[in-house]
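S.K.: File model.cif below, mmCIF, C-alpha atoms:
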```
data_protein
loop_
_atom_site.label_atom_id
_atom_site.label_comp_id
_atom_site.auth_asym_id
_atom_site.auth_seq_id
_atom_site.Cartn_x
_atom_site.Cartn_y
_atom_site.Cartn_z
CA MET A 612 -70.91 29.54 32.29
CA GLY A 613 -68.98 27.26 34.63
CA ILE A 614 -69.36 27.57 38.38
CA ASP A 615 -71.11 30.34 40.30
CA VAL A 616 -71.82 29.72 44.00
CA GLY A 617 -72.51 31.99 46.92
CA LEU A 618 -74.13 32.84 50.23
CA CYS A 619 -76.52 35.74 50.60
CA HIS A 620 -78.42 37.54 53.34
CA GLU A 621 -81.22 38.84 51.13
CA THR A 622 -83.79 37.28 48.82
CA ILE A 623 -82.17 34.86 46.40
CA LYS A 624 -82.15 36.36 42.92
CA LEU A 625 -82.26 33.64 40.30
CA PRO A 626 -80.42 34.02 37.00
CA LYS A 627 -82.55 34.33 33.89
CA LEU A 628 -82.59 30.73 32.82
CA GLU A 629 -82.37 31.23 29.06
CA GLN A 630 -79.63 33.84 29.33
CA SER A 631 -77.52 31.66 31.57
CA PHE A 632 -77.90 28.70 29.28
CA SER A 633 -74.91 27.38 27.35
CA LEU A 634 -75.57 26.37 23.75
CA ASN A 635 -73.72 23.17 24.57
CA SER A 636 -76.42 22.24 27.11
CA GLY A 637 -79.55 20.33 26.22
CA ALA A 638 -80.86 20.21 29.77
CA GLN A 639 -81.13 22.50 32.76
CA VAL A 640 -82.44 21.43 36.19
CA PHE A 641 -83.45 23.85 38.90
CA PHE A 642 -84.13 23.01 42.54
CA GLY A 643 -85.50 25.51 45.04
CA GLY A 644 -85.79 24.81 48.75
CA TYR A 645 -88.44 26.92 50.51
CA VAL A 646 -89.35 27.66 54.11
CA ARG A 647 -92.48 25.66 54.92
CA ASN A 648 -94.91 26.22 57.76
CA HIS A 649 -94.51 22.96 59.65
CA HIS A 650 -91.91 20.52 60.97
CA ALA A 651 -92.39 17.43 63.12
CA GLY A 652 -95.94 18.39 63.96
CA LYS A 653 -95.08 21.95 64.99
CA GLN A 654 -96.24 25.12 63.29
CA VAL A 655 -93.17 26.96 62.02
CA LEU A 656 -93.17 30.76 61.76
CA GLN A 657 -89.71 31.36 60.31
CA LEU A 658 -86.22 29.93 59.95
CA PHE A 659 -82.88 31.39 60.93
CA TYR A 660 -79.68 30.15 59.29
CA GLU A 661 -76.20 30.70 60.67
CA ALA A 662 -73.02 29.67 58.89
CA TYR A 663 -69.28 29.42 59.20
CA GLU A 664 -69.31 31.49 56.06
CA SER A 665 -65.74 31.27 54.77
CA MET A 666 -65.69 27.48 55.18
CA ALA A 667 -69.19 27.09 53.74
CA LEU A 668 -68.18 29.04 50.65
CA LYS A 669 -65.02 27.01 50.26
CA ILE A 670 -66.96 23.74 50.49
CA LEU A 671 -69.61 24.98 48.07
CA HIS A 672 -66.88 25.64 45.51
CA GLN A 673 -65.34 22.21 46.11
CA LYS A 674 -68.68 20.42 45.75
CA ALA A 675 -69.63 22.36 42.64
CA GLU A 676 -66.31 21.59 41.01
CA ALA A 677 -66.59 17.90 41.95
CA ALA A 678 -70.08 17.75 40.42
CA ARG A 679 -68.96 19.59 37.30
CA GLN A 680 -66.20 17.07 36.72
CA LYS A 681 -68.18 13.94 37.62
CA TRP A 682 -71.19 14.74 35.42
CA SER A 683 -69.45 16.92 32.81
CA LEU A 684 -71.74 19.81 33.65
CA ASP A 685 -71.77 23.01 31.66
CA GLN A 686 -73.13 25.03 34.55
CA VAL A 687 -73.45 24.88 38.34
CA TRP A 688 -75.20 27.78 40.06
CA ILE A 689 -75.87 27.65 43.83
CA ARG A 690 -77.09 30.14 46.40
CA HIS A 691 -77.80 29.56 50.10
CA ARG A 692 -79.53 32.28 52.06
CA LEU A 693 -78.55 33.09 55.67
CA GLY A 694 -80.22 34.97 58.51
CA GLU A 695 -83.96 35.15 59.09
CA ILE A 696 -86.10 33.76 56.30
CA PRO A 697 -89.90 34.12 56.36
CA LEU A 698 -92.34 31.40 55.36
CA GLY A 699 -92.60 30.74 51.64
CA GLU A 700 -89.26 32.28 50.74
CA MET A 701 -86.37 30.43 49.17
CA ALA A 702 -83.54 29.28 51.40
CA VAL A 703 -81.45 27.41 48.84
CA ALA A 704 -81.30 27.17 45.06
CA VAL A 705 -79.30 24.79 42.87
CA LEU A 706 -79.16 24.97 39.11
CA THR A 707 -77.31 22.44 36.97
CA ALA A 708 -76.97 22.21 33.21
CA SER A 709 -75.56 19.49 31.00
CA VAL A 710 -75.72 18.01 27.51
CA HIS A 711 -78.39 15.47 28.51
CA ARG A 712 -80.96 15.55 31.32
CA GLN A 713 -79.75 12.58 33.38
CA GLU A 714 -76.47 14.25 34.31
CA ALA A 715 -78.16 17.50 35.31
CA TYR A 716 -80.75 15.66 37.43
CA GLN A 717 -78.23 13.41 39.19
CA ALA A 718 -75.80 16.22 39.86
CA ASN A 719 -78.55 18.42 41.26
CA ILE A 720 -79.70 15.73 43.71
CA TRP A 721 -76.12 14.99 44.74
CA LEU A 722 -75.34 18.66 45.32
CA MET A 723 -78.36 19.13 47.58
CA ASP A 724 -77.38 16.01 49.55
CA GLN A 725 -73.88 17.42 49.95
CA ILE A 726 -75.22 20.78 51.06
CA LYS A 727 -77.25 19.10 53.78
CA GLN A 728 -74.43 16.82 54.90
CA ASP A 729 -71.29 18.92 54.72
CA LEU A 730 -72.03 22.62 54.57
CA PRO A 731 -71.33 24.25 57.97
CA ILE A 732 -74.74 25.87 58.17
CA TRP A 733 -77.12 25.58 61.10
CA LYS A 734 -80.86 26.13 61.15
CA LYS A 735 -83.09 27.39 63.94
CA GLU A 736 -86.84 27.07 63.70
CA SER A 737 -89.20 29.48 65.44
CA TYR A 738 -92.60 28.05 66.32
CA ALA A 739 -96.09 29.42 66.84
CA ASP A 740 -95.92 28.56 70.56
CA SER A 741 -93.05 31.10 70.94
CA SER A 742 -90.42 28.38 71.33
CA SER A 743 -87.46 27.87 69.02
CA GLU A 744 -85.00 25.09 68.35
CA TRP A 745 -81.78 24.38 66.43
CA VAL A 746 -82.72 21.44 64.28
CA ILE A 747 -80.98 18.42 62.82
CA CYS A 748 -82.66 17.43 59.60
CA SER A 749 -81.54 15.46 56.54
CA HIS A 750 -84.83 15.25 54.61
CA MET B 14 -70.38 31.00 66.61
CA ASP B 15 -67.95 31.56 69.43
CA GLN B 16 -64.16 31.53 69.25
CA CYS B 17 -61.08 31.64 71.44
CA GLN B 18 -57.33 31.05 71.38
CA LEU B 19 -55.76 28.09 73.20
CA GLU B 20 -52.25 27.24 74.31
CA LEU B 21 -51.84 23.50 73.77
CA PRO B 22 -49.11 20.92 74.37
CA GLU B 23 -47.15 19.74 71.35
CA ASN B 24 -48.24 16.68 69.38
CA ILE B 25 -51.87 16.92 70.31
CA LEU B 26 -54.62 15.37 68.19
CA VAL B 27 -57.69 17.33 67.23
CA LYS B 28 -59.92 14.83 69.07
CA ASP B 29 -58.05 15.58 72.33
CA LEU B 30 -58.77 19.29 72.17
CA LEU B 31 -62.02 19.30 74.13
CA PRO B 32 -60.66 19.11 77.72
CA PHE B 33 -58.49 22.16 77.04
CA LEU B 34 -61.47 23.99 75.60
CA PHE B 35 -63.61 23.12 78.63
CA GLN B 36 -60.97 24.65 80.89
CA LYS B 37 -61.07 27.83 78.85
CA LYS B 38 -64.80 28.17 78.32
CA GLU B 39 -67.54 26.63 80.42
CA ARG B 40 -69.96 26.92 77.52
CA ALA B 41 -67.85 24.47 75.59
CA GLU B 42 -69.63 21.70 77.51
CA ASN B 43 -72.34 22.15 74.89
CA PHE B 44 -70.00 20.68 72.31
CA LYS B 45 -70.34 17.23 73.85
CA LEU B 46 -73.28 16.75 71.51
CA PRO B 47 -72.55 13.75 69.30
CA PRO B 48 -71.73 13.35 66.50
CA LEU B 49 -69.13 16.07 66.54
CA ARG B 50 -66.97 16.68 63.47
CA TYR B 51 -63.73 18.65 63.29
CA ALA B 52 -62.51 21.13 60.71
CA VAL B 53 -58.96 22.45 60.61
CA ASN B 54 -58.27 25.55 58.54
CA GLU B 55 -61.73 25.27 56.97
CA SER B 56 -61.49 21.63 55.86
CA PHE B 57 -63.03 18.61 57.54
CA VAL B 58 -60.37 16.34 59.05
CA ALA B 59 -60.16 12.93 60.74
CA ASP B 60 -60.27 12.77 64.55
CA GLU B 61 -56.64 11.60 64.61
CA THR B 62 -55.31 14.68 62.85
CA LEU B 63 -52.23 16.17 64.50
CA LEU B 64 -52.52 19.86 65.26
CA LYS B 65 -49.75 22.30 64.52
CA ASP B 66 -49.05 25.80 65.71
CA GLY B 67 -51.47 28.35 64.28
CA ASP B 68 -54.14 25.88 63.19
CA CYS B 69 -57.72 27.13 63.25
CA VAL B 70 -59.99 24.39 64.57
CA CYS B 71 -63.75 24.43 64.27
CA LEU B 72 -66.01 22.03 66.18
CA ILE B 73 -68.86 21.24 63.84
CA THR B 74 -72.11 20.17 65.46
CA PRO B 75 -74.64 18.45 63.18
CA VAL B 76 -75.30 20.73 60.24
CA ALA B 77 -78.67 21.56 58.71
CA GLY B 78 -78.29 23.42 55.45
CA GLY B 79 -81.05 23.39 52.86
CA CYS B 80 -84.72 23.19 53.69
#
```
Just give me the structure of the file as structure tokens.
M.R.:
Amino acid sequence: MGIDVGLCHETIKLPKLEQSFSLNSGAQVFFGGYVRNHHAGKQVLQLFYEAYESMALKILHQKAEAARQKWSLDQVWIRHRLGEIPLGEMAVAVLTASVHRQEAYQANIWLMDQIKQDLPIWKKESYADSSSEWVICSH
Amino acid sequence: MDQCQLELPENILVKDLLPFLFQKKERAENFKLPPLRYAVNESFVADETLLKDGDCVCLITPVAGGC
């Protein structure tokens, strides 16, 4: 399967896990990041993501390739959604597959950390009190 | 995102770009937010990177991908 990364402006459509699975892989790890209804004590209504898209895509490819080599992954699949995202919907998804589970787990965590640290994507939260704010968050 | 073209002196470092940007665009004052990172031609670079003609520089304020 190799590497498949991308940005999207609509609902993230996940691959069918069994169909995307390589027979070489014994483990597949999926992470989904969802829009929650609170942050720092404020009631959140929705998120808005803006990106430097061409650079973000380039970095996503670089990170995915680095992870594939470091953990000998069979598969890296990543999507990050942009624009307005309502509560409860998925903003980011990372899928990793490898021969054994440890590599897929570690690579998945590392990729999410890299996405939060280095991807030129910015997030604005809209709150119930009608205010909004561009946030800095590494949780 | 906002963008503009700048005429710069030769042998200028990416970290020394801001005063020229402030002259061009008042809104650039917003970029004083630390910690600022620089990207040249869509790759992150060190502050001491020498700019050359035609480079595309992006001032990266703290990012917040993921959830």
S.K.: Compare A:His620, A:Arg692, A:Arg712, A:His672 by their minimum atom-to-atom distance to A:Ser636, counting only C-alpha atoms, and give me the closest one.
M.R.: A:Arg712
S.K.: Using the chain letters and numbers from this file, what does the PyMOL selection byres ((chain B) within 12 of (chain A)) select? Give the answer as a list of chain:residue names.
M.R.: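 Evaluating the PyMOL selection byres ((chain B) within 12 of (chain A)) on this file yields B:Met14, B:Asp15, B:Gln16, B:Leu46, B:Pro47, B:Pro48, B:Arg50, B:Tyr51, B:Ala52, B:Val53, B:Asn54, B:Glu55, B:Ser56, B:Phe57, B:Cys69, B:Val70, B:Cys71, B:Leu72, B:Ile73, B:Thr74, B:Pro75, B:Val76, B:Ala77, B:Gly78, B:Gly79, B:Cys80.
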S.K.: For A:Ala739, list every protein, DNA or RNA residue within 9 Å, evaluated using all atoms listed in the file, and leave out those in the same chain fewer than 4 positions away; present the list as a ChimeraX atom specification.
M.R.: /A:653-656
S.K.: Would you compute the distance between atom CA of A:Arg679 and atom CA of B:Ala59? Give it in Å to one decimal.
M.R.: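 Computing it gives 25.9 Å between the two atoms.
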S.K.: Which of these, A:Asn719, A:Gln657, A:Ser683, A:Thr622, has the shortest distance to A:Val705 once you count only C-alpha atoms?
M.R.: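 Ranked by minimum distance to A:Val705, first place goes to A:Asn719.
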S.K.: What do you get, as a ChimeraX atom specification, if you spell out every residue that the PyMOL selection byres ((chain A and resi 711) around 8) selects here?
M.R.: /A:636-638,709-710,712-715
S.K.: Given the file shown, determine the residues that the PyMOL selection byres ((chain A and resi 615) around 8) selects; report them as JSON, numbers by chain.
M.R.: {"A": [613, 614, 616, 617, 687, 688, 689]}
S.K.: Tell me, in Å to one decimal, how far atom CA of A:Tyr716 is from atom CA of A:Val640.
M.R.: 6.1 Å
S.K.: Please list as a ChimeraX atom specification every residue within 9 Å of B:Leu21, counting only C-alpha atoms and excluding residues in the same chain fewer than 2 positions away.
M.R.: /B:19,23-25,30,33,66
S.K.: Interatomic distance between atom CA of B:Gly67 and atom CA of B:Val27?
M.R.: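 Atom CA of B:Gly67 sits 13.0 Å away from atom CA of B:Val27.
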S.K.: Which residue gives the smallest distance to B:Lys38 among B:Cys17, B:Val58, B:Leu26, B:Leu63, with all atoms listed in the file counted?
M.R.: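 Of B:Cys17, B:Val58, B:Leu26, B:Leu63, the one nearest B:Lys38 is B:Cys17, counting all atoms listed in the file.
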